[in-house]
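Shown below: input.tsv, with TSV, C-alpha atoms and all ligand atoms.
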chain	number	residue	atom	x	y	z
A	1	MET	CA	-123.16	37.92	27.27
A	2	THR	CA	-126.25	40.07	26.70
A	3	TYR	CA	-129.64	39.07	25.41
A	4	ASN	CA	-133.23	40.15	25.54
A	5	LEU	CA	-135.47	38.30	27.96
A	6	LYS	CA	-138.11	36.28	26.15
A	7	PRO	CA	-141.76	37.12	26.77
A	8	LYS	CA	-141.44	34.76	29.70
A	9	THR	CA	-138.42	33.01	31.19
A	10	TYR	CA	-139.25	30.12	33.51
A	11	ILE	CA	-137.16	29.41	36.60
A	12	PHE	CA	-138.49	26.37	38.41
A	13	GLY	CA	-136.88	25.05	41.60
A	14	ASN	CA	-137.34	21.41	42.55
A	15	TRP	CA	-136.54	21.12	46.24
A	16	LYS	CA	-136.72	17.32	46.03
A	17	MET	CA	-136.47	15.77	49.54
A	18	TYR	CA	-133.78	18.25	50.58
A	19	LEU	CA	-135.74	20.54	52.91
A	20	GLY	CA	-137.81	19.91	56.03
A	21	PHE	CA	-140.86	21.92	57.01
A	22	ASP	CA	-139.02	24.74	58.80
A	23	GLU	CA	-136.26	24.91	56.19
A	24	SER	CA	-138.85	25.19	53.41
A	25	ASN	CA	-140.63	28.03	55.17
A	26	ILE	CA	-137.41	29.88	55.87
A	27	LEU	CA	-136.36	29.58	52.22
A	28	VAL	CA	-139.68	30.74	50.75
A	29	HIS	CA	-139.79	33.75	53.07
A	30	ALA	CA	-136.19	34.66	52.18
A	31	LEU	CA	-137.00	34.47	48.45
A	32	LEU	CA	-140.18	36.51	48.90
A	33	GLN	CA	-138.16	39.25	50.61
A	34	GLN	CA	-136.44	39.81	47.26
A	35	LYS	CA	-139.76	40.93	45.73
A	36	TYR	CA	-138.79	39.69	42.29
A	37	VAL	CA	-140.73	41.71	39.75
A	38	ALA	CA	-141.74	38.94	37.47
A	39	ASP	CA	-143.67	40.28	34.49
A	40	ASN	CA	-141.30	38.54	32.13
A	41	MET	CA	-140.31	35.74	34.50
A	42	CYS	CA	-142.22	32.83	35.87
A	43	ILE	CA	-140.72	31.54	39.11
A	44	ALA	CA	-142.05	28.42	40.80
A	45	ILE	CA	-140.86	26.24	43.64
A	46	PHE	CA	-141.66	22.59	44.28
A	47	PRO	CA	-141.40	21.82	48.01
A	48	SER	CA	-141.96	18.45	49.69
A	49	ALA	CA	-145.61	17.42	50.07
A	50	LEU	CA	-145.34	18.09	53.79
A	51	ALA	CA	-144.40	21.76	53.38
A	52	ILE	CA	-146.54	22.64	50.36
A	53	ARG	CA	-149.52	24.08	52.18
A	54	GLU	CA	-147.49	26.50	54.31
A	55	VAL	CA	-145.23	27.49	51.43
A	56	ALA	CA	-148.22	28.07	49.14
A	57	MET	CA	-149.92	30.19	51.79
A	58	ALA	CA	-146.77	32.30	52.18
A	59	ALA	CA	-146.44	32.71	48.41
A	60	GLN	CA	-150.12	33.43	47.73
A	61	ASP	CA	-150.58	36.60	45.61
A	62	THR	CA	-146.82	36.91	45.04
A	63	PRO	CA	-144.80	36.35	41.85
A	64	ILE	CA	-143.65	32.95	43.17
A	65	ALA	CA	-145.89	29.99	42.33
A	66	VAL	CA	-145.84	26.59	43.96
A	67	GLY	CA	-146.01	23.09	42.55
A	68	ALA	CA	-146.07	19.44	43.56
A	69	GLN	CA	-143.15	17.11	42.84
A	70	ASN	CA	-145.42	14.18	42.04
A	71	VAL	CA	-149.12	13.32	42.12
A	72	ASN	CA	-151.27	10.24	42.35
A	73	TRP	CA	-153.76	10.00	39.48
A	74	ASN	CA	-156.70	8.78	41.57
A	75	PRO	CA	-158.94	11.53	42.95
A	76	LYS	CA	-159.10	9.85	46.38
A	77	GLY	CA	-159.36	6.45	48.01
A	78	ALA	CA	-157.42	3.63	49.64
A	79	TYR	CA	-153.93	4.53	48.36
A	80	THR	CA	-151.78	4.60	51.48
A	81	GLY	CA	-148.97	7.12	51.37
A	82	GLU	CA	-150.16	8.82	48.18
A	83	VAL	CA	-151.38	12.39	47.55
A	84	SER	CA	-153.76	13.13	44.69
A	85	ALA	CA	-153.51	15.89	42.09
A	86	HIS	CA	-156.77	17.24	43.48
A	87	MET	CA	-155.30	17.47	46.99
A	88	PHE	CA	-152.31	19.44	45.72
A	89	LYS	CA	-154.56	21.79	43.80
A	90	ASP	CA	-156.67	22.24	46.90
A	91	VAL	CA	-153.73	23.54	48.98
A	92	GLY	CA	-152.63	26.12	46.42
A	93	CYS	CA	-150.46	24.37	43.84
A	94	THR	CA	-150.35	25.74	40.31
A	95	TYR	CA	-147.97	23.17	38.80
A	96	ALA	CA	-146.95	19.54	39.16
A	97	LEU	CA	-143.77	17.81	38.02
A	98	ILE	CA	-144.74	14.69	36.12
A	99	GLY	CA	-142.35	11.89	35.23
A	100	HIS	CA	-139.27	13.37	36.87
A	101	SER	CA	-136.33	11.08	36.19
A	102	GLU	CA	-136.00	10.20	39.88
A	103	ARG	CA	-139.63	9.00	39.81
A	104	ARG	CA	-139.03	7.03	36.64
A	105	HIS	CA	-135.67	5.52	37.56
A	106	ILE	CA	-135.76	5.13	41.34
A	107	PHE	CA	-139.47	4.43	41.82
A	108	GLY	CA	-140.13	2.59	38.58
A	109	GLU	CA	-142.69	5.01	37.16
A	110	SER	CA	-143.71	3.91	33.68
A	111	ASN	CA	-144.78	5.94	30.65
A	112	GLU	CA	-148.31	4.65	31.34
A	113	ASP	CA	-148.19	6.01	34.91
A	114	VAL	CA	-146.94	9.33	33.54
A	115	ARG	CA	-149.89	9.50	31.17
A	116	LYS	CA	-152.41	8.88	33.97
A	117	LYS	CA	-150.76	11.59	36.07
A	118	LEU	CA	-150.95	14.06	33.19
A	119	GLU	CA	-154.66	13.31	32.78
A	120	ALA	CA	-155.21	13.81	36.51
A	121	CYS	CA	-153.50	17.22	36.32
A	122	VAL	CA	-155.73	18.25	33.42
A	123	ASP	CA	-158.81	17.07	35.35
A	124	VAL	CA	-158.07	19.30	38.34
A	125	GLY	CA	-156.46	22.25	36.55
A	126	LEU	CA	-152.83	21.78	37.61
A	127	ILE	CA	-150.27	22.73	34.96
A	128	PRO	CA	-148.17	19.64	34.33
A	129	VAL	CA	-144.43	19.94	33.81
A	130	LEU	CA	-143.72	16.79	31.83
A	131	CYS	CA	-140.11	15.70	32.42
A	132	ILE	CA	-138.41	13.66	29.73
A	133	GLY	CA	-134.82	12.62	29.24
A	134	GLU	CA	-132.49	9.97	27.94
A	135	THR	CA	-130.07	7.92	30.03
A	136	LYS	CA	-126.32	7.86	29.47
A	137	GLU	CA	-126.68	4.45	27.80
A	138	ASP	CA	-129.34	5.81	25.44
A	139	ARG	CA	-127.10	8.71	24.54
A	140	GLU	CA	-124.03	6.57	23.97
A	141	ALA	CA	-126.06	4.21	21.80
A	142	GLY	CA	-127.34	7.14	19.69
A	143	LYS	CA	-130.85	6.58	21.03
A	144	THR	CA	-131.60	10.01	22.50
A	145	GLN	CA	-134.34	10.85	19.98
A	146	TYR	CA	-135.75	7.34	20.16
A	147	ARG	CA	-136.13	7.58	23.96
A	148	LEU	CA	-137.58	11.09	23.94
A	149	LYS	CA	-139.93	10.28	21.06
A	150	LYS	CA	-141.30	7.33	22.98
A	151	GLN	CA	-141.76	9.32	26.19
A	152	LEU	CA	-143.50	12.13	24.29
A	153	MET	CA	-145.74	9.85	22.28
A	154	LYS	CA	-146.90	7.83	25.29
A	155	ALA	CA	-147.50	11.00	27.27
A	156	LEU	CA	-149.14	13.19	24.66
A	157	ASP	CA	-150.71	11.19	21.87
A	158	GLY	CA	-154.45	11.88	22.07
A	159	LEU	CA	-154.11	13.83	25.32
A	160	ASP	CA	-156.81	16.50	25.48
A	161	MET	CA	-155.35	19.43	27.41
A	162	ARG	CA	-158.80	21.09	27.35
A	163	GLY	CA	-157.22	24.49	26.81
A	164	GLY	CA	-154.88	24.13	29.79
A	165	GLN	CA	-151.18	24.79	29.62
A	166	LEU	CA	-148.52	22.13	29.25
A	167	ILE	CA	-144.82	22.62	29.99
A	168	ILE	CA	-142.05	20.22	29.06
A	169	ALA	CA	-138.70	19.90	30.83
A	170	TYR	CA	-135.87	18.26	28.94
A	171	GLU	CA	-133.74	16.69	31.63
A	172	PRO	CA	-131.07	14.27	30.45
A	173	VAL	CA	-130.83	11.67	33.22
A	174	TRP	CA	-127.03	11.73	33.15
A	175	ALA	CA	-127.02	15.48	33.85
A	176	ILE	CA	-129.29	15.46	36.90
A	177	GLY	CA	-127.48	15.98	40.17
A	178	THR	CA	-124.14	15.03	38.63
A	179	GLY	CA	-122.55	18.41	37.89
A	180	ASP	CA	-122.23	17.15	34.32
A	181	ALA	CA	-124.59	19.67	32.69
A	182	CYS	CA	-125.57	19.20	29.05
A	183	LEU	CA	-123.67	21.59	26.80
A	184	PRO	CA	-125.95	24.56	26.12
A	185	ASP	CA	-125.74	24.09	22.34
A	186	ASP	CA	-126.62	20.41	22.69
A	187	ALA	CA	-129.57	21.28	24.96
A	188	ARG	CA	-130.68	23.87	22.38
A	189	ASP	CA	-130.55	21.34	19.55
A	190	VAL	CA	-132.47	18.66	21.46
A	191	ILE	CA	-135.05	21.19	22.66
A	192	GLY	CA	-135.49	22.51	19.12
A	193	TRP	CA	-136.21	18.94	18.04
A	194	ILE	CA	-138.59	18.40	21.00
A	195	ARG	CA	-140.56	21.48	19.94
A	196	GLU	CA	-141.15	19.96	16.51
A	197	GLU	CA	-142.13	16.59	18.00
A	198	VAL	CA	-144.61	18.17	20.41
A	199	LYS	CA	-146.39	19.82	17.48
A	200	LEU	CA	-147.42	16.32	16.35
A	201	TYR	CA	-149.58	16.05	19.45
A	202	GLN	CA	-150.39	19.49	20.81
A	203	SER	CA	-151.28	22.80	19.27
A	204	GLY	CA	-150.57	26.10	20.97
A	205	ILE	CA	-147.55	27.25	22.87
A	206	VAL	CA	-145.72	24.63	24.90
A	207	PRO	CA	-142.73	26.08	26.76
A	208	VAL	CA	-139.72	23.75	26.92
A	209	LEU	CA	-137.23	24.07	29.79
A	210	TYR	CA	-133.79	22.58	30.32
A	211	GLY	CA	-132.87	20.80	33.57
A	212	GLY	CA	-129.70	19.07	34.74
A	213	SER	CA	-126.99	20.60	36.97
A	214	VAL	CA	-128.07	24.17	36.29
A	215	SER	CA	-126.30	26.68	38.55
A	216	GLY	CA	-125.77	30.41	38.84
A	217	ASP	CA	-122.62	29.96	36.78
A	218	ASN	CA	-124.23	28.32	33.75
A	219	VAL	CA	-127.88	29.46	33.83
A	220	VAL	CA	-127.40	32.33	31.40
A	221	SER	CA	-125.91	30.03	28.78
A	222	TYR	CA	-129.25	28.16	28.73
A	223	VAL	CA	-131.79	30.95	29.04
A	224	SER	CA	-129.98	33.05	26.44
A	225	GLN	CA	-130.87	30.46	23.79
A	226	THR	CA	-134.09	31.37	21.99
A	227	GLU	CA	-135.19	27.71	21.88
A	228	ILE	CA	-134.94	27.31	25.68
A	229	ASP	CA	-137.79	28.88	27.65
A	230	GLY	CA	-136.22	28.46	31.05
A	231	VAL	CA	-134.70	26.05	33.52
A	232	LEU	CA	-135.74	23.41	36.02
A	233	VAL	CA	-133.21	23.55	38.84
A	234	GLY	CA	-132.71	20.90	41.52
A	235	GLY	CA	-129.80	21.18	43.95
A	236	ALA	CA	-129.09	24.86	43.29
A	237	SER	CA	-132.69	25.79	44.15
A	238	SER	CA	-132.47	24.36	47.65
A	239	THR	CA	-130.39	27.08	49.33
A	240	TYR	CA	-131.08	30.79	49.41
A	241	ASP	CA	-127.60	31.78	48.26
A	242	THR	CA	-127.50	29.52	45.23
A	243	PHE	CA	-131.11	30.07	44.11
A	244	SER	CA	-131.17	33.84	44.61
A	245	THR	CA	-127.84	34.14	42.79
A	246	LEU	CA	-129.22	32.10	39.90
A	247	ILE	CA	-132.41	34.19	39.66
A	248	SER	CA	-130.45	37.44	39.87
A	249	ARG	CA	-128.18	36.35	37.04
A	250	VAL	CA	-131.20	35.80	34.81
A	251	ILE	CA	-132.81	39.09	35.81
A	252	SER	CA	-129.67	41.19	35.41
A	253	LYS	CA	-128.88	39.99	31.90
B	1	LIG	C1	-133.97	18.23	38.91
B	1	LIG	O1	-134.19	17.80	40.02
B	1	LIG	O2	-134.90	18.34	38.10
B	1	LIG	C2	-132.62	18.64	38.55
B	1	LIG	C3	-132.40	19.09	37.35
B	1	LIG	O3	-131.65	18.50	39.51
B	1	LIG	P1	-130.18	19.17	39.50
B	1	LIG	O4	-130.35	20.62	39.14
B	1	LIG	O5	-129.69	18.99	40.91
B	1	LIG	O6	-129.36	18.46	38.49
With the file now loaded, output its structure as structure tokens.
Amino acid sequence: MTYNLKPKTYIFGNWKMYLGFDESNILVHALLQQKYVADNMCIAIFPSALAIREVAMAAQDTPIAVGAQNVNWNPKGAYTGEVSAHMFKDVGCTYALIGHSERRHIFGESNEDVRKKLEACVDVGLIPVLCIGETKEDREAGKTQYRLKKQLMKALDGLDMRGGQLIIAYEPVWAIGTGDACLPDDARDVIGWIREEVKLYQSGIVPVLYGGSVSGDNVVSYVSQTEIDGVLVGGASSTYDTFSTLISRVISK
């Protein structure tokens, strides 16, 4: 399969809680050795909060950006165990994942929480990656658009981005970490629909990524679709072999 790279193809790696401090540093240094020339690619990694500062220092002034996996919306205060958007910005983050399905479904994050986190990102100048997705039950009940519409509306209606960038990741919950990736044509259709929905709330360019069991074997089938601006990768971003293979496949096409 051949295709022309879009102006920018996003490859974001969510390291979840897979890697400790040393493992995170080893992986970022191994990726940096590759010296990916990234004029038409935007690569970012999302380490654990513990490793972010070191990873961001290693990646400073390189084509690899760093982001937080989650933020607290308060600037500071008595919020034991939490880390604010401001604190992540302060240690070199460019991006933050907001409303990842594991936050929504394991930790009970609501659409209202997601909205406050988006606002906190805008306040401090972090680029939010708003994650949305339907569950298997939604999908089987024909409620995919209903679920996504609700998540988008609660997150974006009246949200003033103040000229900052917004990125959306379409991540069907049933496809995350399951090996059951969404068919590329289905992801394309849903993302095409998301693009139209987003226009109700935001002007300007809003890149939309696909996430859910993306691997080196299937990545090209997503990024070759004009509607899909890139991928948010979980498991396959957490080892050098799998992530570098995936990036190389995108570059070499
Ligand atoms: C994710 O964590 O956003 C994700 C898509 O995970 P995985 O690639 O492992 O399905």
Compute the set of protein, DNA and RNA residues whose minimum atom distance to ligand LIG 1 (chain B) is at most 9 Å, using all atoms listed in the file, and state it as number ranges by chain. A: 12-16, 97, 100-102, 131, 169, 171-181, 210-215, 231-237
Name the closest residue to Lys8 (chain A) among the candidates A:Ile43, A:Ala85, A:Cys182, A:Met57; distances are taken between atoms, counting all atoms listed in the file.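 Residue with the minimum atom-to-atom distance to Lys8 (chain A): A:Ile43.
Coordinates place CA of Lys150 (chain A) at a distance of 28.0 Å from CA of Ser221 (chain A).
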At what distance in Å, to one decimal, does CA of Val28 (chain A) lie from CA of Glu54 (chain A)?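 Rounded to one decimal, the two atoms are 9.6 Å apart.
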Let me make sure I understand: among A:Ala120, A:Leu130, A:Asp39, A:Glu109, which one has the smallest atom-to-atom distance to Lys76 (chain A) if we use all atoms listed in the file?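 Under the stated criterion, the closest residue is A:Ala120.
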Pairwise distance, CA of Val66 (chain A) with CA of Thr94 (chain A), equals 5.9 Å
Which is closest to Gln145 (chain A) among A:Cys93, A:Val190, A:Ile127, A:Leu118, if we use all atoms listed in the file?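 Among the listed residues, A:Val190 lies closest to Gln145 (chain A).
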Rank A:Tyr95, A:Tyr79, A:Trp73, A:Tyr222 by their smallest atom-to-atom distance to Pro47 (chain A), using all atoms listed in the file, and report the top residue only. A:Tyr95
